[in-house]
Structure formats: C-alpha cells, structure tokens
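Novice: This structure is in structure tokens; I'll ask about it shortly.
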Amino acid sequence: MNNPKWIFKTPPVSIALSKEIASILRMTTGEQLVGERISILPLAKNGIILLEENDRILGSLLWMKINPRTARVLGFGIHPEFQEKNLGSECWEIFIKEIIQQDMNKVTLEVRESNERAIKFYRKKGLKPKGWIEEYYQNEKGILMEIEL
C-alpha cells in the first residue's frame with residue numbers, strides 16, 4: 001500500500017465505478033449488490049467515500065439522508081487485504097465530519113446479525129443496537145444500530 005487517499009464522490013457515478021464499489025461491498029458484507037443498483041441509489045452529496053490507490057478502489061462507505069438530520073449508511077467495507085490497518089476508523093471519522101458539516105446529528109445502519117466483526121466496530125464507534133429487522137437479509141435478521149452525535 002503506497003499512498004491511498006480518501007476521496008468523496010457525489011452521484012451520479014459511472015457503471016464501472018459502481019461495479020468496483022459493489023465488488024468491495026460483496027466481499028466484505030456478503031450483500032449481493034450489483035453495480036447497476038449502486039449507480040441508482042439516492043446517495044447524498046458526498047455520499048460516496050472511497051479509498052483509492054492507483055485507480056483501484058480499496059474501500060467504500062455509501063450513505064444517504066433519510067431526513068434533514070439523519071444519515072443512513074447503506075454499505076461500508078474495506079478490501080480484506082487492507083483490513084486491520086485502521087482504514088475503517090479513518091473512513092468513519094471522515095464520514096462523521098462530513099455529516100456534521102451537513103448539519104446532521106444521527107447515524108443509522110443495518111448489519112447482519114452474523115457479522116460480529118462489524119457489530120464490534122460499530123459498538124466501538126458508539127452505535128447502539130435498537131432492534132431486530134426480521135427477514136432484512138436472506139436467511140438471517142438484521143440489527144438496526146444508531147448513534148446520536
């Protein structure tokens with residue numbers, strides 16, 4: 001890893017970039033996303049945060065506004081080769097600064113109940129479980145988590 005950089009993108013994005021983002025998120029979350037779906041998500045201004053190195057996407061966080069004060073994380077993942085290097089925490093800090101700058105004070109997200117690593121990460125960032133979402137994922141529940149800043 002030479003010198004990766006975090007960058008913001010605002011939709012629309014190309015199908016090629018959407019496919020790269022989908023690939024990272026499939027690898028890290030198990031979510032069966034396709035690039036075409038990502039390219040039509042109603043993402044916020046600066047709603048795509050990418051870790052980029054030599055035109056390769058190494059990580060991504062996608063988010064949208066669900067109301068004027070609340071951001072919803074739709075997908076977040078760092079390529080497995082680059083995990084355990086504090087990059088997820090760096091991205092989270094960038095994301096939180098951005099939503100505060102946009103005058104937002106709450107974050108919500110859903111996570112697979114089996115994704116213990118992600119749940120531990122989000123708890124460390126101050127998110128709390130708020131309830132179960134039945135049949136949100138194929139064959140398992142989702143956990144709704146949130147934090148008020």
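Residues in the structure tokens are named by chain (A, B, ... in the order shown) and by number from 1 within that chain; ligands are numbered from 1 in the order shown.
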If you count only C-alpha atoms, which residues fall within 6 Å of segment 79-86 of chain A, apart from same-chain ones fewer than 3 positions away, as number ranges by chain?

Specialist: A: 24, 58-59, 89

Novice: Would you mind exporting C-alpha atoms of the selected residues as a short mmCIF file (atom, residue, chain, number, x, y, z; two decimals), in the first residue's frame?

Specialist:
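Saved result, again.cif, follows:
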```
data_model
loop_
_atom_site.label_atom_id
_atom_site.label_comp_id
_atom_site.auth_asym_id
_atom_site.auth_seq_id
_atom_site.Cartn_x
_atom_site.Cartn_y
_atom_site.Cartn_z
CA ILE A 24 -15.77 -4.48 -2.36
CA LEU A 58 -9.72 -0.41 -1.71
CA GLY A 59 -12.66 0.68 0.44
CA SER A 89 -11.70 4.06 11.54
#
```

Novice: Could you name the residues that touch Asn115 of chain A at 10 Å or less, counting only C-alpha atoms, but leaving out those on the same chain fewer than 3 positions away, as a PDB file with N, CA and C atoms, in the first residue's frame?

Specialist:
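So selection29.pdb came out as:
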```
ATOM      1  N   THR A  28     -16.967  -7.837   1.562  1.00  0.00           N
ATOM      2  CA  THR A  28     -16.838  -7.504   2.980  1.00  0.00           C
ATOM      3  C   THR A  28     -18.127  -7.641   3.775  1.00  0.00           C
ATOM      4  N   THR A  29     -19.276  -7.536   3.108  1.00  0.00           N
ATOM      5  CA  THR A  29     -20.539  -7.586   3.851  1.00  0.00           C
ATOM      6  C   THR A  29     -21.385  -8.799   3.510  1.00  0.00           C
ATOM      7  N   GLY A  30     -21.068  -9.454   2.400  1.00  0.00           N
ATOM      8  CA  GLY A  30     -21.894 -10.569   1.955  1.00  0.00           C
ATOM      9  C   GLY A  30     -23.152 -10.118   1.239  1.00  0.00           C
ATOM     10  N   VAL A 111     -27.016  -4.110  10.037  1.00  0.00           N
ATOM     11  CA  VAL A 111     -25.891  -5.032   9.914  1.00  0.00           C
ATOM     12  C   VAL A 111     -26.417  -6.449  10.135  1.00  0.00           C
ATOM     13  N   ARG A 112     -25.838  -7.396   9.414  1.00  0.00           N
ATOM     14  CA  ARG A 112     -26.221  -8.809   9.595  1.00  0.00           C
ATOM     15  C   ARG A 112     -25.925  -9.242  11.022  1.00  0.00           C
ATOM     16  N   ALA A 118     -18.214  -6.471  12.276  1.00  0.00           N
ATOM     17  CA  ALA A 118     -18.811  -5.155  12.008  1.00  0.00           C
ATOM     18  C   ALA A 118     -19.547  -4.643  13.242  1.00  0.00           C
ATOM     19  N   ILE A 119     -20.282  -5.522  13.912  1.00  0.00           N
ATOM     20  CA  ILE A 119     -21.025  -5.107  15.109  1.00  0.00           C
ATOM     21  C   ILE A 119     -20.054  -4.576  16.158  1.00  0.00           C
ATOM     22  N   LYS A 120     -18.957  -5.266  16.355  1.00  0.00           N
ATOM     23  CA  LYS A 120     -17.941  -4.824  17.316  1.00  0.00           C
ATOM     24  C   LYS A 120     -17.379  -3.456  16.903  1.00  0.00           C
ATOM     25  N   GLY A 142     -31.451  -8.694  10.540  1.00  0.00           N
ATOM     26  CA  GLY A 142     -30.560  -7.549  10.582  1.00  0.00           C
ATOM     27  C   GLY A 142     -30.689  -6.894  11.939  1.00  0.00           C
ATOM     28  N   ILE A 143     -29.657  -6.210  12.340  1.00  0.00           N
ATOM     29  CA  ILE A 143     -29.695  -5.434  13.572  1.00  0.00           C
ATOM     30  C   ILE A 143     -29.675  -3.959  13.169  1.00  0.00           C
TER      31      ILE A 143
END
```

Novice: Residues of chain A in helix (DSSP H, G or I) according to DSSP, as an MDAnalysis selection string?

Specialist: chainID A and resid 15:29 35:40 80:82 87:101 116:124

Novice: For the residues in that selection, give me N, CA and C atoms as a tab-separated table (two decimals), in the first residue's frame.

Specialist:
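Below is the file result.tsv, written as the result:
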```tsv
chain	number	residue	atom	x	y	z
A	15	ILE	N	-20.97	3.40	-14.26
A	15	ILE	CA	-21.28	1.98	-14.00
A	15	ILE	C	-20.00	1.24	-13.62
A	16	ALA	N	-18.87	1.57	-14.24
A	16	ALA	CA	-17.60	0.90	-13.92
A	16	ALA	C	-17.23	1.12	-12.45
A	17	LEU	N	-17.34	2.36	-11.97
A	17	LEU	CA	-17.04	2.65	-10.57
A	17	LEU	C	-18.05	1.96	-9.66
A	18	SER	N	-19.31	1.98	-10.04
A	18	SER	CA	-20.34	1.30	-9.25
A	18	SER	C	-20.05	-0.18	-9.12
A	19	LYS	N	-19.55	-0.80	-10.18
A	19	LYS	CA	-19.21	-2.24	-10.13
A	19	LYS	C	-18.04	-2.50	-9.20
A	20	GLU	N	-17.05	-1.61	-9.19
A	20	GLU	CA	-15.92	-1.76	-8.26
A	20	GLU	C	-16.39	-1.65	-6.82
A	21	ILE	N	-17.24	-0.67	-6.55
A	21	ILE	CA	-17.78	-0.49	-5.20
A	21	ILE	C	-18.58	-1.72	-4.79
A	22	ALA	N	-19.42	-2.21	-5.70
A	22	ALA	CA	-20.24	-3.40	-5.41
A	22	ALA	C	-19.35	-4.60	-5.08
A	23	SER	N	-18.26	-4.75	-5.80
A	23	SER	CA	-17.35	-5.86	-5.56
A	23	SER	C	-16.76	-5.82	-4.15
A	24	ILE	N	-16.31	-4.64	-3.72
A	24	ILE	CA	-15.77	-4.48	-2.36
A	24	ILE	C	-16.84	-4.80	-1.32
A	25	LEU	N	-18.05	-4.28	-1.52
A	25	LEU	CA	-19.11	-4.49	-0.53
A	25	LEU	C	-19.57	-5.95	-0.50
A	26	ARG	N	-19.61	-6.62	-1.64
A	26	ARG	CA	-19.94	-8.06	-1.65
A	26	ARG	C	-18.91	-8.84	-0.85
A	27	MET	N	-17.64	-8.51	-1.07
A	27	MET	CA	-16.54	-9.20	-0.39
A	27	MET	C	-16.59	-9.02	1.12
A	28	THR	N	-16.97	-7.84	1.56
A	28	THR	CA	-16.84	-7.50	2.98
A	28	THR	C	-18.13	-7.64	3.78
A	29	THR	N	-19.28	-7.54	3.11
A	29	THR	CA	-20.54	-7.59	3.85
A	29	THR	C	-21.38	-8.80	3.51
A	35	GLY	N	-23.40	-3.43	-9.46
A	35	GLY	CA	-23.04	-2.06	-9.77
A	35	GLY	C	-24.20	-1.22	-10.26
A	36	GLU	N	-25.07	-1.83	-11.05
A	36	GLU	CA	-26.21	-1.08	-11.59
A	36	GLU	C	-27.10	-0.56	-10.47
A	37	ARG	N	-27.25	-1.33	-9.41
A	37	ARG	CA	-28.07	-0.90	-8.28
A	37	ARG	C	-27.42	0.27	-7.54
A	38	ILE	N	-26.11	0.18	-7.35
A	38	ILE	CA	-25.40	1.26	-6.65
A	38	ILE	C	-25.52	2.56	-7.44
A	39	SER	N	-25.45	2.45	-8.76
A	39	SER	CA	-25.48	3.67	-9.58
A	39	SER	C	-26.81	4.41	-9.50
A	40	ILE	N	-27.87	3.76	-9.01
A	40	ILE	CA	-29.17	4.44	-8.91
A	40	ILE	C	-29.61	4.73	-7.47
A	80	PRO	N	-10.44	-6.92	2.05
A	80	PRO	CA	-9.83	-7.77	3.08
A	80	PRO	C	-8.30	-7.66	3.17
A	81	GLU	N	-7.62	-7.44	2.06
A	81	GLU	CA	-6.16	-7.30	2.09
A	81	GLU	C	-5.70	-6.07	2.88
A	82	PHE	N	-6.61	-5.10	3.06
A	82	PHE	CA	-6.22	-3.83	3.68
A	82	PHE	C	-6.91	-3.60	5.02
A	87	LEU	N	-7.89	1.71	8.59
A	87	LEU	CA	-8.53	2.43	7.48
A	87	LEU	C	-10.03	2.59	7.70
A	88	GLY	N	-10.67	1.59	8.29
A	88	GLY	CA	-12.10	1.70	8.59
A	88	GLY	C	-12.38	2.84	9.56
A	89	SER	N	-11.53	2.96	10.58
A	89	SER	CA	-11.70	4.06	11.54
A	89	SER	C	-11.44	5.41	10.89
A	90	GLU	N	-10.44	5.48	10.01
A	90	GLU	CA	-10.18	6.73	9.28
A	90	GLU	C	-11.41	7.13	8.47
A	91	CYS	N	-11.99	6.16	7.76
A	91	CYS	CA	-13.15	6.45	6.94
A	91	CYS	C	-14.32	6.90	7.80
A	92	TRP	N	-14.53	6.23	8.92
A	92	TRP	CA	-15.64	6.58	9.80
A	92	TRP	C	-15.50	8.03	10.28
A	93	GLU	N	-14.28	8.43	10.65
A	93	GLU	CA	-14.04	9.80	11.10
A	93	GLU	C	-14.34	10.80	9.99
A	94	ILE	N	-13.94	10.50	8.78
A	94	ILE	CA	-14.21	11.37	7.62
A	94	ILE	C	-15.72	11.49	7.42
A	95	PHE	N	-16.41	10.36	7.50
A	95	PHE	CA	-17.86	10.33	7.34
A	95	PHE	C	-18.55	11.18	8.41
A	96	ILE	N	-18.17	11.01	9.67
A	96	ILE	CA	-18.80	11.76	10.76
A	96	ILE	C	-18.55	13.26	10.59
A	97	LYS	N	-17.34	13.65	10.23
A	97	LYS	CA	-17.06	15.08	9.99
A	97	LYS	C	-17.94	15.61	8.87
A	98	GLU	N	-18.13	14.82	7.82
A	98	GLU	CA	-18.94	15.26	6.69
A	98	GLU	C	-20.40	15.46	7.08
A	99	ILE	N	-20.97	14.52	7.83
A	99	ILE	CA	-22.39	14.67	8.16
A	99	ILE	C	-22.59	15.82	9.15
A	100	ILE	N	-21.64	16.03	10.05
A	100	ILE	CA	-21.73	17.18	10.96
A	100	ILE	C	-21.67	18.47	10.15
A	101	GLN	N	-20.78	18.51	9.16
A	101	GLN	CA	-20.68	19.69	8.30
A	101	GLN	C	-22.00	19.93	7.55
A	116	GLU	N	-20.20	-10.31	13.26
A	116	GLU	CA	-19.72	-9.92	14.58
A	116	GLU	C	-18.62	-8.87	14.53
A	117	ARG	N	-17.78	-8.98	13.52
A	117	ARG	CA	-16.68	-8.02	13.38
A	117	ARG	C	-17.23	-6.59	13.16
A	118	ALA	N	-18.21	-6.47	12.28
A	118	ALA	CA	-18.81	-5.15	12.01
A	118	ALA	C	-19.55	-4.64	13.24
A	119	ILE	N	-20.28	-5.52	13.91
A	119	ILE	CA	-21.02	-5.11	15.11
A	119	ILE	C	-20.05	-4.58	16.16
A	120	LYS	N	-18.96	-5.27	16.36
A	120	LYS	CA	-17.94	-4.82	17.32
A	120	LYS	C	-17.38	-3.46	16.90
A	121	PHE	N	-17.09	-3.28	15.62
A	121	PHE	CA	-16.58	-2.00	15.11
A	121	PHE	C	-17.58	-0.88	15.40
A	122	TYR	N	-18.85	-1.10	15.05
A	122	TYR	CA	-19.86	-0.05	15.24
A	122	TYR	C	-20.08	0.26	16.71
A	123	ARG	N	-20.05	-0.76	17.56
A	123	ARG	CA	-20.18	-0.51	19.01
A	123	ARG	C	-19.03	0.37	19.50
A	124	LYS	N	-17.81	0.08	19.00
A	124	LYS	CA	-16.65	0.88	19.38
A	124	LYS	C	-16.81	2.34	18.96
```

Novice: So which one's closest to Ile7 of chain A, A:Leu43, A:Leu33, A:Ile49, A:Ile147? Using only C-alpha atoms, please.

Specialist: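 So, comparing all the options, the nearest one is A:Ile49.
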
Novice: Taking only C-alpha atoms into account, which of A:Met104, A:Lys141, A:Glu53, A:Ile78 comes nearest Lys65 of chain A?

Specialist: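 Looking at the shortest contact to Lys65 of chain A, the residue is A:Met104.
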
Novice: Atom CA of Glu146 of chain A to atom CA of Thr70 of chain A: how many Å, to one decimal?

Specialist: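 Separation between atom CA of Glu146 of chain A and atom CA of Thr70 of chain A: 9.8 Å.
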
Novice: What gap, in Å, lies between atom CA of Gly131 of chain A and atom CA of Ala71 of chain A?

Specialist: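 Between atom CA of Gly131 of chain A and atom CA of Ala71 of chain A the gap works out to 17.7 Å.
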